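Note sheet for the following structure.
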Amino acid sequence: MRPRSLALAAAIAVLPLTAVSLGVSTAQAATPNAAPRVALPNTVNPAVAHSEKKGDVPAAQQISVSVSLKLRDTDALDRFLTAVGTPGTPEYGHHLTPEQFTERFGPTQAAVDQVKTYLAQQGLTVTGVSANRQVVNAHGTTAQVSQAFGTHESSYVDPQLQRAFFANDAAASIPSDLAAVVQGVSGLDNHAVRKNRLAKPAAAPGAVTPNTASATPSGMAPAQYTGAYNLTKTGADGTGTTVALWEFDGYQSSNLTTYDSQYGLSGPAVTTVSVDGANYDSAPGQGQGEVELDSEIVRGAAPKATQLVYEAPNSDQGEIDMANKIVTDNRVSVISISWGSCEPDTTASSMTAVDNAFKQAAAQGISIFSASGDDGSRDCTRSTSGSTVKAVDFPASSPHQVGVGGTNLKVTSGNAYSSESAWSTAGGGVSTVFAKPSWQTGTGVSGTMRTVPDVSSNADPASGFAIYTAGAWQVYGGTSAAAPLWAGYAAQFNQKAKAAGQPVLGEASPRLYAVANSSGYGSSFHDVTTGANQDFSAKAGYDQVTGWGTPVADALTTALLGGGTTPPPTGGCTAAQLIGNGGFETGTASPWTTSTGVVDNSASEAAHSGSWKAWLDGYGSAHTDTLSQTVSIPAGCASAKLTFWLHVDTAETGTTAYDKLTVQANNTTLATYSNTDAAAGYVQRTLDLTSFAGQTVTVKFTGTEDSSLQTSFVIDDVALNVN
């Protein structure tokens with residue numbers, strides 16, 4: 001076998017990027033940085049592969065970039081997020097302040113200073129640092145940006161969208177001494193644009209235009225949807241709570257006032273919070289209807305809640321900066337998101353940066369509800385990849401928020417629930433970016449990747465909402481109406497929780513799934529079992545069109561509040577596989593926490609299946625590698641078996657155990673392997689974790705190598721099956 005240390009050196013040696021290797025024009029070429037460079041994965045916009053290159057971006061053109069920094073001690077963060085939302089743990093309900101989060105898990109000030117110094121050395125001007133130290137913003141010329149990140153910026157035309165944009169041709173790179181602190185860089189392209197998830201009714205037969213504006217309201221009124229979902233029976237109206245609306249356009253206050261007057265609603269005046277200088281309210285654009293729908297639905301569901309409309313530039317940097325501003329401002333307990341982009345056409349490094357801010361939101365007790373999209377299981381239909389690709393919407397695919405799907409709701413004449421079916425173009429499916437989180441279990445849940453949505457509510461424009469926008473009444477639907485409805489419910493819940501002396505809802509998905517997997521499911525949710533999108537059908541339990549279903553608000557509130565005083569149920573274990581990304585085929589570590597370079601697809605060591613595996617050690621020098629993931633083993637499970645395929649390759653000889661692999665569950669050592677277990681192929685290992693039922697467990701592999709002669713511990717296809 002080729003020594004791994006030499007393989008790494010060879011890989012690093014080809015990373016410095018020169019004008020010749022990139023085809024950079026003389027105007028963009030810059031003196032290469034002498035230090036070894038490391039590529040930043042997932043920093044090329046996927047649209048580049050489908051678009052036509054037109055030429056170079058002028059060297060003097062200004063480009064703004066956002067450098068995202070890595071969080072620290074992410075395994076401890078994952079454990080905290082599980083514990084803070086689990087009744088019965090010491091951490092339950094003890095959410096962090098932004099300052100506490102940054103101190104424990106945020107990038108250090110030294111890391112920020114290191115990045116700022118490097119950017120300044122490359123001629124870029126640093127324009128700001130987020131308060132949580134997760135993002136450093138800067139701008140400079142194309143030539144300066146190209147030098148700093150080893151890129152070549154080209155002009156392209158996207159043939160699907162018929163839109164011109166600029167982008168880097170290949171992955172960005174940074175000096176190797178920054179690799180430990182830099183997560184990624186955004187702003188090297190301007191292709192990504194977030195779209196609202198607002199839908200209008202189709203034209204009736206013989207109609208000239210659909211959804212003509214009118215002077216009087218038609219469509220579903222607040223009394224109808226709040227009555228159908230029992231929001232009128234919780235005894236709450238949002239008093240004392242604050243909801244953030246995540247927007248890329250503006251609104252007119254007069255339209256919101258007209259809506260309130262029509263339906264006899266009153267509450268705190270809506271306030272705009274500018275992000276990166278954006279404020280669209282003086283001249284709202286095409287997204288005005290989205291912003292006003294979001295605000296009016298929240299007003300209808302939780303009229304006394306305070307609303308803060310965060311308005312940001314519609315770009316990767318704008319989205320990242322908005323996410324970080326909301327969590328560092330820490331003024332809200334709920335966020336409603338009705339804008340998104342399909343995963344395959346969104347730069348993965350930007351999604352990771354936003355998801356890191358969502359982790360902070362979860363730690364601070366902020367609930368997030370995101371529209372799952374209006375193109376069914378083909379979310380890229382109106383994007384570059386097109387309708388042939390099965391895809392889901394981000395941020396609804398993030399594992400640290402609630403993805404909200406759509407239904408067609410029928411209401412009785414007395415404003416009570418009648419029936420419900422899945423909306424045929426409600427967004428849903430399987431993420432290709434995020435592994436299935438440990439809490440995503442239950443009847444109908446399958447696979448190893450995150451599935452969307454989690455819950456749903458009325459969204460079909462055929463059963464759409466009466467909305468006052470741009471000076472007239474319209475009928476609007478879309479999952480962009482479903483997300484703010486759930487956000488309004490969360491505001492109601494937080495009011496009730498405070499009155500009961502209990503914590504806010506916080507990261508909502510784990511708690512909603514706990515109710516869905518309990519005996520209270522049938523009374524807390526309307527399980528929608530009819531209808532389908534392109535690839536998935538509604539069915540009993542969980543499905544990838546409606547999630548667990550729609551809320552029975554009063555019963556759901558009772559179930560969630562009950563979780564604050566009683567431990568999790570001791571029975572009812574559902575057979576499931578708990579490990580996410582067990583085959584490492586996402587090409588990234590998440591939801592694993594690893595030391596550098598562990599997740600690997602090199603040919604030097606073959607995977608057991610697929611192309612990727614976890615390769616610990618193999619350097620031939622004193623070294624320690626780790627691989628860990630935190631899961632919750634349900635109480636009442638009679639069996640919990642950890643299985644994995646292990647290949648041990650070594651240059652050691654004899655029967656002395658020089659290099660060791662230790663497998664632990666929390667602080668309990670389950671097994672130890674060494675160079676003496678070397679074999680030509682993989683061997684499946686099985687370890688019993690049944691004694692950990694009812695606990696949150698961190699499964700950890702630690703490979704320790706001495707100062708000479710390499711031993712490689714190669715792990716693949718990890719699973720934790722419970723029943």
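Ligands are numbered from 1 in the order shown, residues from 1 within each chain, and chains are lettered A, B, ... in the order they appear in the structure tokens.
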Per-residue nearest contacts of range 227-341 of chain A to range 525-533 of chain A (12 Å; only C-alpha atoms) as JSON lines:
{"residue": "A:Ala228", "atom": "CA", "partner": "A:His526", "partner_atom": "CA", "distance": 10.5}
{"residue": "A:Tyr229", "atom": "CA", "partner": "A:His526", "partner_atom": "CA", "distance": 8.8}
{"residue": "A:Asn230", "atom": "CA", "partner": "A:Phe525", "partner_atom": "CA", "distance": 10.9}
Skip Tyr489 in chain A itself and residues of its chain fewer than 5 positions away, then list as a ChimeraX atom specification all residues within 8 Å of it, counting only C-alpha atoms.
-> /A:231,301-302,553
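Residues surrounding Ser336 in chain A within 6 Å are A:Leu245, A:Phe369, A:Pro484, A:Ala487 [only C-alpha atoms; sequence separation below 5 positions excluded].
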Closest of A:Tyr251, A:Phe166, A:Tyr156, A:Trp612 to Ala283 in chain A - atom-to-atom distances counting only C-alpha atoms = A:Tyr251
Closest to Asp600 in chain A among A:Pro58, A:Gly471, A:Pro159, A:Gly587, using only C-alpha atoms?
-> A:Gly587
Range 405-526 of chain A: which residues are helix (DSSP H, G or I) by DSSP, as a ChimeraX atom specification?
-> /A:461-463,479-499,508-516,521-524
Judged by only C-alpha atoms, the minimum distance to Gln114 in chain A among A:Ala671, A:Arg378, A:Pro175, A:Gln147 is found for A:Pro175
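Reported to one decimal place, the separation of CA of Ser398 in chain A from CA of Val332 in chain A is 19.5 Å.
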